[in-house]
Amino acid sequence: MREIPVHDFYTRDGKLREDGRLLHDIYFVHVETPAESNGPWDYYKIIATIAGDQAFRQAGEDGCPLVER
């Protein structure tokens with residue numbers, strides 16, 4: 001199961017690590033004012049995308065016993 005990428009409503013191309021953590025991209029967004037919004041569901045604009053391997057701690061840094069086997 002850990003080899004299969006995760007594709008669901010929450011994430012695209014997520015990876016399940018050996019310690020059980022799901023790595024996925026994180027979005028840095030700007031919430032739009034009512035004047036900036038162009039219609040329904042136009043609430044924010046994506047400023048940057050942070051890759052999952054940079055957004056989360058590396059495996060083994062948090063002391064998880066599942067990784068220290």
# chains A, B, ... in the order shown; residues from 1 in each chain; ligands from 1
>>> residues_around(residues="A:Asp42", least_positions_apart="5", cutoff="10 Å", atoms="only C-alpha atoms", output="PyMOL selection string")
chain A and resi 31-34+36-37
>>> write_last_selection(atoms="N, CA, C and O atoms", output="mmCIF file, in the first residue's frame")
data_model
loop_
_atom_site.group_PDB
_atom_site.id
_atom_site.type_symbol
_atom_site.label_atom_id
_atom_site.label_comp_id
_atom_site.auth_asym_id
_atom_site.auth_seq_id
_atom_site.Cartn_x
_atom_site.Cartn_y
_atom_site.Cartn_z
ATOM 1 N N VAL A 31 -6.047 34.869 0.725
ATOM 2 C CA VAL A 31 -7.504 34.941 0.732
ATOM 3 C C VAL A 31 -7.909 36.268 0.097
ATOM 4 O O VAL A 31 -7.448 37.333 0.495
ATOM 5 N N GLU A 32 -8.783 36.169 -0.887
ATOM 6 C CA GLU A 32 -9.184 37.344 -1.633
ATOM 7 C C GLU A 32 -10.229 38.165 -0.878
ATOM 8 O O GLU A 32 -11.067 37.623 -0.164
ATOM 9 N N THR A 33 -10.179 39.458 -1.070
ATOM 10 C CA THR A 33 -11.229 40.333 -0.548
ATOM 11 C C THR A 33 -12.448 40.198 -1.461
ATOM 12 O O THR A 33 -12.331 39.705 -2.592
ATOM 13 N N PRO A 34 -13.610 40.649 -1.026
ATOM 14 C CA PRO A 34 -14.782 40.598 -1.906
ATOM 15 C C PRO A 34 -14.564 41.331 -3.237
ATOM 16 O O PRO A 34 -15.070 40.917 -4.267
ATOM 17 N N GLU A 36 -11.743 41.459 -4.884
ATOM 18 C CA GLU A 36 -10.854 40.656 -5.722
ATOM 19 C C GLU A 36 -11.534 39.411 -6.283
ATOM 20 O O GLU A 36 -11.107 38.862 -7.286
ATOM 21 N N SER A 37 -12.584 38.963 -5.631
ATOM 22 C CA SER A 37 -13.278 37.746 -6.036
ATOM 23 C C SER A 37 -14.028 37.952 -7.344
ATOM 24 O O SER A 37 -14.685 38.974 -7.544
#
>>> residues_around(residues="stretch 11-22 of chain A", least_positions_apart="2", cutoff="10 Å", atoms="only C-alpha atoms", output="number ranges by chain")
A: 1-9, 24-26, 52-53, 56-60, 62, 64-68
>>> select_by_dssp(residues="chain A", states="helix (DSSP H, G or I)", output="list in words")
Gly52, Asp53, Gln54 and Ala55 of chain A
>>> select_by_dssp(residues="chain A", states="strand (DSSP E)", output="list of chain:residue names")
A:Lys15, A:Leu16, A:Leu22, A:Leu23, A:Ile26, A:Tyr27, A:Phe28, A:Val29, A:His30, A:Val31, A:Tyr44, A:Lys45, A:Ile46, A:Ile47, A:Ala48, A:Thr49, A:Ile50
